[in-house]
$ cat structure.csv   # CSV, C-alpha atoms
chain,number,residue,atom,x,y,z
A,30,MET,CA,-4.0,7.3,32.1
A,31,SER,CA,-3.3,3.7,32.8
A,32,LEU,CA,-4.4,1.4,30.0
A,33,HIS,CA,-5.2,-2.2,30.8
A,34,VAL,CA,-7.9,-3.4,28.4
A,35,VAL,CA,-7.9,-2.3,24.8
A,36,LEU,CA,-10.7,-3.3,22.4
A,37,GLY,CA,-9.4,-3.8,18.9
A,38,ILE,CA,-11.5,-3.6,15.7
A,39,GLU,CA,-10.4,-4.9,12.3
A,40,THR,CA,-12.4,-4.5,9.1
A,41,SER,CA,-9.8,-3.8,6.5
A,42,CYS,CA,-10.9,-6.4,4.0
A,43,ASP,CA,-13.2,-9.4,4.3
A,44,GLU,CA,-12.9,-10.4,8.0
A,45,THR,CA,-15.0,-8.7,10.7
A,46,SER,CA,-13.0,-9.0,13.9
A,47,CYS,CA,-13.1,-7.7,17.5
A,48,ALA,CA,-10.7,-8.5,20.3
A,49,LEU,CA,-10.1,-7.6,23.9
A,50,VAL,CA,-6.4,-7.6,24.9
A,51,LEU,CA,-5.0,-7.1,28.4
A,52,ASN,CA,-1.8,-5.1,28.9
A,53,GLY,CA,-1.0,-5.4,25.3
A,54,ARG,CA,-0.1,-9.1,25.6
A,55,GLU,CA,-2.9,-11.3,26.9
A,56,ILE,CA,-5.7,-12.1,24.5
A,57,LEU,CA,-9.0,-12.2,26.4
A,58,SER,CA,-11.0,-12.8,23.2
A,59,ASN,CA,-10.4,-12.6,19.5
A,60,ILE,CA,-13.5,-13.1,17.4
A,61,VAL,CA,-13.1,-13.3,13.6
A,62,ALA,CA,-16.1,-13.7,11.2
A,63,SER,CA,-15.0,-14.8,7.7
A,64,GLN,CA,-16.7,-13.8,4.5
A,65,ASP,CA,-15.3,-16.7,2.4
A,66,ALA,CA,-18.8,-18.0,1.6
A,67,VAL,CA,-20.0,-14.5,0.5
A,68,HIS,CA,-17.2,-14.0,-2.1
A,69,ALA,CA,-16.6,-17.6,-3.2
A,70,PRO,CA,-19.2,-17.5,-6.1
A,71,TYR,CA,-17.3,-14.5,-7.6
A,72,GLY,CA,-13.8,-16.0,-7.4
A,73,GLY,CA,-12.5,-13.0,-5.3
A,74,ILE,CA,-13.5,-10.3,-2.9
A,75,VAL,CA,-16.4,-8.0,-4.0
A,76,PRO,CA,-15.8,-4.7,-2.1
A,77,GLU,CA,-19.5,-3.7,-1.9
A,78,LEU,CA,-20.4,-7.1,-0.5
A,79,ALA,CA,-17.5,-6.9,2.0
A,80,SER,CA,-18.6,-3.6,3.4
A,81,ARG,CA,-22.2,-4.6,3.6
A,82,SER,CA,-21.3,-7.8,5.5
A,83,HIS,CA,-19.2,-5.7,8.0
A,84,ILE,CA,-22.2,-3.5,8.7
A,85,GLU,CA,-24.4,-6.5,9.3
A,86,LYS,CA,-21.9,-8.3,11.6
A,87,ILE,CA,-19.9,-5.7,13.5
A,88,HIS,CA,-22.2,-5.1,16.4
A,89,SER,CA,-22.8,-8.8,17.2
A,90,ILE,CA,-19.0,-9.5,16.8
A,91,VAL,CA,-18.2,-6.8,19.4
A,92,GLU,CA,-20.8,-8.2,21.7
A,93,GLU,CA,-19.5,-11.7,21.3
A,94,ALA,CA,-15.9,-10.6,22.0
A,95,LEU,CA,-17.1,-8.9,25.2
A,96,LYS,CA,-19.0,-11.9,26.3
A,97,LYS,CA,-16.1,-14.3,25.7
A,98,ALA,CA,-13.8,-12.0,27.7
A,99,ASN,CA,-16.4,-11.7,30.5
A,100,LEU,CA,-16.1,-7.9,30.3
A,101,SER,CA,-18.5,-5.0,29.9
A,102,LEU,CA,-17.9,-1.9,27.8
A,103,ARG,CA,-17.3,0.1,30.9
A,104,GLU,CA,-14.2,-2.0,31.6
A,105,VAL,CA,-12.6,-1.1,28.3
A,106,ASP,CA,-9.8,1.5,28.7
A,107,GLY,CA,-9.2,2.3,25.1
A,108,ILE,CA,-10.1,1.4,21.5
A,109,ALA,CA,-7.8,0.7,18.6
A,110,VAL,CA,-9.1,0.3,15.0
A,111,THR,CA,-7.6,-0.4,11.6
A,112,SER,CA,-7.6,2.9,9.7
A,113,GLY,CA,-5.8,1.6,6.6
A,114,PRO,CA,-4.7,0.4,4.2
A,115,GLY,CA,-7.5,-1.7,2.9
A,116,LEU,CA,-10.9,-1.5,1.1
A,117,MET,CA,-12.2,2.0,1.7
A,118,GLY,CA,-15.8,0.9,2.3
A,119,SER,CA,-14.8,-1.8,4.8
A,120,LEU,CA,-12.4,0.5,6.7
A,121,ILE,CA,-15.1,3.1,7.1
A,122,VAL,CA,-17.4,0.6,8.8
A,123,GLY,CA,-14.9,-0.3,11.5
A,124,LEU,CA,-13.6,3.2,11.9
A,125,SER,CA,-17.0,4.8,12.3
A,126,TYR,CA,-18.1,2.1,14.8
A,127,ALA,CA,-14.9,2.6,16.8
A,128,LYS,CA,-15.3,6.4,16.9
A,129,ALA,CA,-18.9,6.1,18.0
A,130,LEU,CA,-18.0,3.6,20.8
A,131,ALA,CA,-15.1,5.7,22.0
A,132,TYR,CA,-17.2,8.9,22.1
A,133,ALA,CA,-20.1,7.2,23.9
A,134,LEU,CA,-17.7,5.7,26.5
A,135,ASN,CA,-15.5,8.8,26.7
A,136,ILE,CA,-12.3,6.8,26.3
A,137,PRO,CA,-9.3,7.3,24.0
A,138,PHE,CA,-9.1,5.7,20.6
A,139,CYS,CA,-6.5,5.5,17.9
A,140,GLY,CA,-6.2,4.3,14.3
A,141,VAL,CA,-3.4,1.9,13.5
A,142,ASN,CA,-1.8,0.8,10.3
A,143,HIS,CA,-3.0,-2.7,9.3
A,144,LEU,CA,0.4,-3.7,7.9
A,145,GLU,CA,2.3,-2.6,11.1
A,146,ALA,CA,-0.3,-4.5,13.2
A,147,HIS,CA,0.5,-7.7,11.3
A,148,LEU,CA,4.2,-7.2,12.0
A,149,HIS,CA,3.4,-6.8,15.7
A,150,ALA,CA,1.1,-9.8,16.1
A,151,ILE,CA,4.1,-11.8,17.2
A,152,PHE,CA,4.3,-9.8,20.5
A,153,LEU,CA,1.1,-11.5,21.6
A,154,GLU,CA,3.0,-14.7,21.9
A,155,ARG,CA,6.7,-13.8,22.1
A,156,SER,CA,8.9,-11.1,23.4
A,157,LEU,CA,11.7,-10.0,21.1
A,158,PRO,CA,13.8,-6.9,20.8
A,159,TYR,CA,14.0,-4.4,18.0
A,160,PRO,CA,15.3,-4.2,15.4
A,161,PHE,CA,14.1,-7.1,13.2
A,162,ILE,CA,13.4,-7.6,9.5
A,163,GLY,CA,9.7,-8.1,8.9
A,164,LEU,CA,8.3,-10.0,5.9
A,165,LEU,CA,4.6,-9.3,5.4
A,166,VAL,CA,3.1,-11.6,2.9
A,167,SER,CA,-0.6,-11.7,2.3
A,168,GLY,CA,-3.4,-11.5,-0.3
A,169,GLY,CA,-2.9,-7.8,-0.7
A,170,HIS,CA,0.7,-7.1,0.3
A,171,THR,CA,4.1,-8.6,0.0
A,172,SER,CA,6.8,-6.3,1.5
A,173,LEU,CA,10.0,-6.3,3.5
A,174,TYR,CA,10.5,-3.9,6.4
A,175,ASP,CA,13.3,-2.7,8.7
A,176,VAL,CA,11.3,-2.8,11.9
A,177,ARG,CA,13.0,-0.5,14.5
A,178,GLY,CA,10.0,0.2,16.8
A,179,VAL,CA,6.4,1.2,16.9
A,180,GLY,CA,5.8,3.7,14.1
A,181,ASP,CA,9.4,3.2,12.9
A,182,THR,CA,9.2,0.6,10.1
A,183,PRO,CA,11.0,1.8,7.0
A,184,ILE,CA,10.0,-0.3,3.9
A,185,LEU,CA,12.8,-2.0,2.1
A,186,GLY,CA,11.0,-3.5,-0.8
A,187,THR,CA,7.5,-4.4,-2.0
A,188,THR,CA,5.8,-6.2,-4.9
A,189,ARG,CA,5.7,-4.5,-8.2
A,190,ASP,CA,2.5,-6.3,-9.3
A,191,ASP,CA,0.6,-9.2,-7.7
A,192,ALA,CA,1.0,-9.9,-4.0
A,193,ALA,CA,2.0,-13.5,-3.1
A,194,GLY,CA,-1.4,-14.3,-1.7
A,195,GLU,CA,-3.1,-12.9,-4.8
A,196,ALA,CA,-0.9,-15.0,-7.0
A,197,PHE,CA,-1.9,-18.1,-4.9
A,198,ASP,CA,-5.6,-17.3,-5.5
A,199,LYS,CA,-5.1,-16.6,-9.2
A,200,VAL,CA,-3.2,-19.9,-9.8
A,201,ALA,CA,-5.8,-21.8,-7.8
A,202,LYS,CA,-8.4,-20.4,-10.2
A,203,ILE,CA,-6.3,-21.5,-13.2
A,204,LEU,CA,-6.1,-25.0,-11.7
A,205,GLY,CA,-9.9,-25.0,-11.0
A,206,LEU,CA,-9.5,-25.1,-7.3
A,207,GLY,CA,-11.9,-22.3,-6.4
A,208,TYR,CA,-11.6,-19.4,-3.9
A,209,PRO,CA,-9.8,-18.9,-1.6
A,210,GLY,CA,-7.0,-20.9,-3.1
A,211,GLY,CA,-4.0,-20.6,-0.8
A,212,ARG,CA,-5.0,-23.4,1.6
A,213,LYS,CA,-5.9,-25.7,-1.3
A,214,ILE,CA,-2.6,-25.2,-3.0
A,215,ASP,CA,-0.8,-25.8,0.2
A,216,GLU,CA,-2.7,-29.1,0.8
A,217,LEU,CA,-2.3,-30.4,-2.8
A,218,SER,CA,1.4,-29.5,-2.9
A,219,GLN,CA,2.1,-32.1,-0.2
A,220,MET,CA,1.2,-34.7,-2.8
A,221,GLY,CA,3.1,-33.1,-5.6
A,222,ASN,CA,6.6,-32.9,-6.9
A,223,PRO,CA,8.1,-29.3,-6.5
A,224,ALA,CA,10.7,-30.1,-9.2
A,225,ALA,CA,8.1,-31.2,-11.8
A,226,HIS,CA,8.0,-27.8,-13.4
A,227,SER,CA,10.7,-25.1,-13.6
A,228,PHE,CA,9.0,-21.7,-12.9
A,229,PRO,CA,10.8,-18.3,-12.8
A,230,ARG,CA,12.1,-16.7,-9.6
A,231,PRO,CA,11.9,-13.0,-10.4
A,232,PHE,CA,14.5,-10.4,-9.4
A,233,LEU,CA,16.7,-12.8,-7.4
A,234,GLU,CA,19.8,-11.5,-9.3
A,235,GLU,CA,18.9,-7.8,-8.8
A,236,GLU,CA,20.2,-5.5,-6.1
A,237,ASN,CA,16.9,-4.4,-4.7
A,238,PHE,CA,14.4,-6.0,-2.3
A,239,ASP,CA,11.3,-5.9,-4.6
A,240,PHE,CA,9.1,-8.8,-5.6
A,241,SER,CA,7.1,-9.8,-8.6
A,242,PHE,CA,4.6,-12.6,-9.0
A,243,SER,CA,2.6,-11.7,-12.0
A,244,GLY,CA,5.0,-13.4,-14.4
A,245,LEU,CA,5.1,-16.5,-12.3
A,246,LYS,CA,1.3,-16.7,-12.4
A,247,THR,CA,1.4,-16.3,-16.2
A,248,ALA,CA,4.1,-19.1,-16.4
A,249,VAL,CA,1.6,-21.5,-14.7
A,250,LEU,CA,-1.2,-20.5,-17.1
A,251,ASN,CA,1.1,-21.0,-20.1
A,252,ARG,CA,2.2,-24.4,-18.8
A,253,VAL,CA,-1.5,-25.5,-18.3
A,254,ASN,CA,-2.4,-24.3,-21.8
A,255,ARG,CA,0.5,-26.3,-23.3
A,256,LEU,CA,-0.7,-29.5,-21.7
A,257,GLU,CA,-3.9,-29.3,-23.9
A,258,HIS,CA,-5.9,-31.8,-21.9
A,259,ALA,CA,-7.9,-31.9,-18.7
A,260,LEU,CA,-5.5,-31.9,-15.8
A,261,THR,CA,-5.2,-35.1,-13.8
A,262,ASP,CA,-5.1,-34.9,-10.0
A,263,GLN,CA,-1.4,-35.6,-10.0
A,264,GLU,CA,-0.7,-32.9,-12.6
A,265,ILE,CA,-2.6,-30.4,-10.4
A,266,SER,CA,-0.6,-31.4,-7.4
A,267,ASP,CA,2.7,-31.1,-9.3
A,268,LEU,CA,1.8,-27.7,-10.7
A,269,SER,CA,0.7,-26.6,-7.2
A,270,ALA,CA,3.9,-27.8,-5.6
A,271,SER,CA,6.2,-26.3,-8.3
A,272,PHE,CA,4.4,-22.9,-8.2
A,273,GLN,CA,4.5,-22.9,-4.4
A,274,GLU,CA,8.2,-23.7,-4.3
A,275,ALA,CA,8.9,-20.8,-6.6
A,276,VAL,CA,7.0,-18.4,-4.4
A,277,VAL,CA,8.7,-19.7,-1.2
A,278,GLU,CA,12.2,-19.6,-2.6
A,279,THR,CA,11.7,-16.0,-3.9
A,280,LEU,CA,10.4,-14.9,-0.5
A,281,LEU,CA,13.3,-16.6,1.3
A,282,GLN,CA,16.1,-15.3,-0.8
A,283,ARG,CA,14.8,-11.7,-0.6
A,284,SER,CA,14.5,-12.0,3.1
A,285,LEU,CA,18.0,-13.4,3.6
A,286,LYS,CA,19.3,-10.6,1.5
A,287,ALA,CA,17.6,-8.0,3.6
A,288,LEU,CA,18.9,-9.6,6.8
A,289,GLU,CA,22.5,-9.6,5.4
A,290,LYS,CA,22.2,-6.0,4.3
A,291,LYS,CA,20.9,-4.7,7.6
A,292,GLN,CA,23.1,-7.0,9.7
A,293,VAL,CA,20.1,-8.3,11.7
A,294,GLN,CA,19.7,-11.9,12.9
A,295,ARG,CA,15.9,-11.8,13.6
A,296,LEU,CA,13.1,-12.2,11.0
A,297,VAL,CA,9.4,-12.0,11.7
A,298,VAL,CA,7.1,-13.5,8.9
A,299,ALA,CA,3.5,-12.3,9.2
A,300,GLY,CA,0.3,-12.1,7.1
A,301,GLY,CA,-2.0,-14.8,5.8
A,302,VAL,CA,0.6,-16.5,3.6
A,303,ALA,CA,2.8,-17.0,6.7
A,304,ALA,CA,0.3,-19.8,7.5
A,305,ASN,CA,1.6,-21.8,4.5
A,306,SER,CA,3.2,-25.0,5.8
A,307,ARG,CA,6.0,-25.2,3.1
A,308,LEU,CA,7.0,-21.6,3.8
A,309,ARG,CA,7.2,-22.1,7.5
A,310,SER,CA,9.3,-25.3,7.1
A,311,VAL,CA,11.7,-23.8,4.5
A,312,PHE,CA,12.2,-20.6,6.5
A,313,GLU,CA,12.7,-22.4,9.8
A,314,THR,CA,15.3,-24.7,8.2
A,315,ALA,CA,17.1,-21.8,6.7
A,316,GLY,CA,17.2,-20.0,10.0
A,317,CYS,CA,18.7,-23.0,11.8
A,318,GLU,CA,21.3,-23.4,9.1
A,319,ARG,CA,22.3,-19.7,9.3
A,320,GLY,CA,21.9,-18.9,12.9
A,321,ILE,CA,18.9,-16.6,12.2
A,322,GLU,CA,16.0,-16.4,14.6
A,323,VAL,CA,12.8,-16.8,12.6
A,324,PHE,CA,9.5,-16.0,14.2
A,325,PHE,CA,6.0,-16.8,13.0
A,326,PRO,CA,2.7,-15.9,14.7
A,327,SER,CA,0.5,-18.9,15.4
A,328,LEU,CA,-1.9,-19.7,12.5
A,329,LYS,CA,-4.8,-17.9,14.1
A,330,LEU,CA,-2.8,-14.7,14.3
A,331,CYS,CA,-1.5,-14.9,10.7
A,332,THR,CA,-4.7,-13.9,9.0
A,333,ASP,CA,-6.5,-10.6,9.6
A,334,ASN,CA,-7.6,-10.3,13.2
A,335,ALA,CA,-8.3,-7.6,15.8
A,336,ALA,CA,-5.9,-8.9,18.5
A,337,MET,CA,-3.0,-7.7,16.5
A,338,VAL,CA,-4.7,-4.3,16.2
A,339,ALA,CA,-5.3,-4.2,19.9
A,340,THR,CA,-1.7,-5.0,20.9
A,341,LEU,CA,-0.3,-2.3,18.6
A,342,GLY,CA,-3.0,0.1,19.7
A,343,HIS,CA,-2.1,-0.6,23.3
A,344,GLN,CA,1.5,0.6,22.6
A,345,VAL,CA,0.3,3.6,20.6
A,346,LEU,CA,-2.1,4.7,23.3
A,347,SER,CA,0.4,4.1,26.1
A,348,PHE,CA,2.8,6.5,24.3
A,349,GLY,CA,0.1,9.1,24.7
A,350,ARG,CA,-1.2,9.3,21.2
A,351,ARG,CA,-4.9,10.1,20.8
A,352,ASP,CA,-6.6,10.4,17.5
A,353,SER,CA,-9.3,13.0,16.8
A,354,TRP,CA,-12.8,12.4,15.6
A,355,ASP,CA,-12.0,13.5,12.1
A,356,LEU,CA,-9.4,10.7,11.6
A,357,GLY,CA,-10.0,9.3,8.1
A,358,ALA,CA,-9.5,5.9,6.5
A,359,PHE,CA,-6.8,5.4,3.8
A,360,ALA,CA,-7.1,2.8,1.1
A,361,SER,CA,-3.5,2.5,0.1
A,362,GLY,CA,-0.1,2.8,1.8
A,363,ARG,CA,3.0,1.0,2.6

$ encode --input "structure.csv" --output "structure tokens"
Amino acid sequence: MSLHVVLGIETSCDETSCALVLNGREILSNIVASQDAVHAPYGGIVPELASRSHIEKIHSIVEEALKKANLSLREVDGIAVTSGPGLMGSLIVGLSYAKALAYALNIPFCGVNHLEAHLHAIFLERSLPYPFIGLLVSGGHTSLYDVRGVGDTPILGTTRDDAAGEAFDKVAKILGLGYPGGRKIDELSQMGNPAAHSFPRPFLEEENFDFSFSGLKTAVLNRVNRLEHALTDQEISDLSASFQEAVVETLLQRSLKALEKKQVQRLVVAGGVAANSRLRSVFETAGCERGIEVFFPSLKLCTDNAAMVATLGHQVLSFGRRDSWDLGAFASGR
């Protein structure tokens, strides 16, 4: 069966997204509905509220994506949906909707791994050969992969506690910046001194590829407590910049080590934290200095979106894989 248009659905966490992608490469539409306003009063994602919001939005988001692409459902050749990892309630909403749609249209569907989809978002904008090292850095995940092909992405190392994005949000809360905090720390860091505070860089001397950001978060909290006064704007900027620098340096050094170990000269950085301006600058500079090709998806493709699900799904379906109606969601995984 020839596959031209794949409809992607993404509901792994707190974004409801639908996309139409042509031939696995051309984005016809990519609609993303954020839930930031829903979760902001709670300082983090509330799973029950997330799944409820997906139920309320998913049908209208699919309709909006079809309208923007100027397509009807009858012109869709296949459906790809995130089956995990993520919040179980949120995943079930998207997976159930995708199954019902595929059944009604009598077209193939497949579930794809959310993390692998992030690593393949770059193919919507660039062509590059395998293998490459993939650094996935987001609110829920911080991991390094040896990406050899679709479905062939052995994990090299992962975080032992907090993910980098989670650490950004927790530090933002410590500094009174609200939720979500990653963008605010990025903005304030541009007015701060990254050398104002010396924060730890965990595991840099060890011979593995794992990460740890819990201790770094605690170091920021201890520093704030020792100041014993209300933080000034400059102090908040300096703390933000110093924390951010520690995260970026840790991510860079582990990535360089993985590239050296695997003798690969290509690095793809994906996930929501890949939108951080300091991270992009530092990685691009390091790549130029060392002759390493460093690739970032555009900002709109760094955060959770259905276009990345559709492009990976196109490859999976083109290989002949079809998932059955009893496909289940999975909350955790690599």

$ atom_distance --input "structure.csv" --atom1 "atom CA of A:Leu256" --atom2 "atom CA of A:Phe197"
20.3 Å

$ residues_around --input "structure.csv" --residues "A:Phe348" --least-positions-apart "2" --cutoff "12 Å" --atoms "all atoms listed in the file" --output "list in words"
Met30, Ser31, Leu32, Cys139, Val179, Gly180, Leu341, Gly342, His343, Gln344, Val345, Leu346, Arg350 and Arg351 of chain A

$ atom_distance --input "structure.csv" --atom1 "atom CA of A:Arg103" --atom2 "atom CA of A:Lys86"
21.5 Å

$ closest_atom_pairs --input "structure.csv" --of "stretch 278-343 of chain A" --to "stretch 51-70 of chain A" --cutoff "10 Å" --atoms "all atoms listed in the file" --output "Markdown table"
| residue | atom | partner | partner_atom | distance |
| --- | --- | --- | --- | --- |
| A:Lys329 | CA | A:Asn59 | CA | 9.4 |
| A:Leu330 | CA | A:Asn59 | CA | 9.4 |
| A:Thr332 | CA | A:Val61 | CA | 9.6 |
| A:Asp333 | CA | A:Val61 | CA | 8.2 |
| A:Asn334 | CA | A:Val61 | CA | 6.3 |
| A:Ala335 | CA | A:Asn59 | CA | 6.6 |
| A:Ala336 | CA | A:Asn59 | CA | 5.9 |
| A:Met337 | CA | A:Gly53 | CA | 9.3 |
| A:Val338 | CA | A:Gly53 | CA | 9.9 |
| A:Ala339 | CA | A:Gly53 | CA | 7.0 |
| A:Thr340 | CA | A:Gly53 | CA | 4.5 |
| A:Leu341 | CA | A:Gly53 | CA | 7.4 |
| A:Gly342 | CA | A:Gly53 | CA | 8.1 |
| A:His343 | CA | A:Gly53 | CA | 5.3 |

$ residues_around --input "structure.csv" --residues "stretch 316-322 of chain A" --least-positions-apart "4" --cutoff "7 Å" --atoms "all atoms listed in the file" --output "PyMOL selection string"
chain A and resi 294-296+312

$ closest_residue --input "structure.csv" --among "A:Leu165, A:Ala259, A:Val105, A:Leu281" --to "A:Ala150" --atoms "all atoms listed in the file"
A:Leu165

$ residues_around --input "structure.csv" --residues "A:Arg81" --least-positions-apart "6" --cutoff "10 Å" --atoms "all atoms listed in the file" --output "NGL selection string"
:A and (118-119 or 122)

$ closest_residue --input "structure.csv" --among "A:Glu85, A:Glu274, A:Glu264, A:Glu104" --to "A:Pro229" --atoms "only C-alpha atoms"
A:Glu274

$ residues_around --input "structure.csv" --residues "A:Asn237" --least-positions-apart "6" --cutoff "10 Å" --atoms "only C-alpha atoms" --output "list of chain:residue names"
A:Leu185, A:Gly186, A:Thr187, A:Arg283, A:Lys286, A:Ala287

$ closest_atom_pairs --input "structure.csv" --of "stretch 120-172 of chain A" --to "stretch 90-94 of chain A" --cutoff "12 Å" --atoms "all atoms listed in the file" --output "tab-separated table"
residue	atom	partner	partner_atom	distance
A:Gly123	CA	A:Val91	CA	10.7
A:Tyr126	CA	A:Val91	CA	10.0
A:Ala127	CA	A:Val91	CA	10.3
A:Leu130	CA	A:Val91	CA	10.5

$ residues_around --input "structure.csv" --residues "stretch 212-220 of chain A" --least-positions-apart "3" --cutoff "6 Å" --atoms "all atoms listed in the file" --output "list in words"
Ser266, Ser269 and Ala270 of chain A

$ atom_distance --input "structure.csv" --atom1 "atom CA of A:Tyr159" --atom2 "atom CA of A:Val297"
10.9 Å

$ closest_residue --input "structure.csv" --among "A:Leu49, A:Cys42, A:Val166, A:Leu280" --to "A:Val75" --atoms "only C-alpha atoms"
A:Cys42

$ closest_residue --input "structure.csv" --among "A:Ser327, A:Ser361, A:Ser80, A:Thr279" --to "A:Glu154" --atoms "all atoms listed in the file"
A:Ser327

$ build_atoms --input "structure.csv" --residues "stretch 147-159 of chain A" --atoms "N, CA and C atoms" --output "mmCIF file, in the coordinates of the input"
data_model
loop_
_atom_site.group_PDB
_atom_site.id
_atom_site.type_symbol
_atom_site.label_atom_id
_atom_site.label_comp_id
_atom_site.auth_asym_id
_atom_site.auth_seq_id
_atom_site.Cartn_x
_atom_site.Cartn_y
_atom_site.Cartn_z
ATOM 1 N N HIS A 147 0.099 -6.363 11.607
ATOM 2 C CA HIS A 147 0.500 -7.700 11.300
ATOM 3 C C HIS A 147 1.945 -7.985 11.789
ATOM 4 N N LEU A 148 2.834 -7.027 11.603
ATOM 5 C CA LEU A 148 4.200 -7.200 12.000
ATOM 6 C C LEU A 148 4.373 -7.275 13.524
ATOM 7 N N HIS A 149 3.382 -6.755 14.270
ATOM 8 C CA HIS A 149 3.400 -6.800 15.700
ATOM 9 C C HIS A 149 2.575 -7.867 16.352
ATOM 10 N N ALA A 150 1.922 -8.675 15.529
ATOM 11 C CA ALA A 150 1.100 -9.800 16.100
ATOM 12 C C ALA A 150 1.979 -10.746 16.876
ATOM 13 N N ILE A 151 3.242 -10.870 16.517
ATOM 14 C CA ILE A 151 4.100 -11.800 17.200
ATOM 15 C C ILE A 151 4.270 -11.480 18.686
ATOM 16 N N PHE A 152 4.101 -10.190 19.065
ATOM 17 C CA PHE A 152 4.300 -9.800 20.500
ATOM 18 C C PHE A 152 3.169 -10.313 21.360
ATOM 19 N N LEU A 153 2.101 -10.828 20.782
ATOM 20 C CA LEU A 153 1.100 -11.500 21.600
ATOM 21 C C LEU A 153 1.499 -12.833 22.098
ATOM 22 N N GLU A 154 2.568 -13.372 21.520
ATOM 23 C CA GLU A 154 3.000 -14.700 21.900
ATOM 24 C C GLU A 154 4.487 -14.805 22.265
ATOM 25 N N ARG A 155 5.269 -13.824 21.813
ATOM 26 C CA ARG A 155 6.700 -13.800 22.100
ATOM 27 C C ARG A 155 7.197 -12.454 22.429
ATOM 28 N N SER A 156 8.267 -12.408 23.201
ATOM 29 C CA SER A 156 8.900 -11.100 23.400
ATOM 30 C C SER A 156 10.237 -11.150 22.653
ATOM 31 N N LEU A 157 10.470 -10.129 21.865
ATOM 32 C CA LEU A 157 11.700 -10.000 21.100
ATOM 33 C C LEU A 157 12.076 -8.568 20.984
ATOM 34 N N PRO A 158 13.358 -8.278 20.926
ATOM 35 C CA PRO A 158 13.800 -6.900 20.800
ATOM 36 C C PRO A 158 13.768 -6.370 19.412
ATOM 37 N N TYR A 159 13.708 -5.057 19.281
ATOM 38 C CA TYR A 159 14.000 -4.400 18.000
ATOM 39 C C TYR A 159 15.466 -4.264 17.841
#
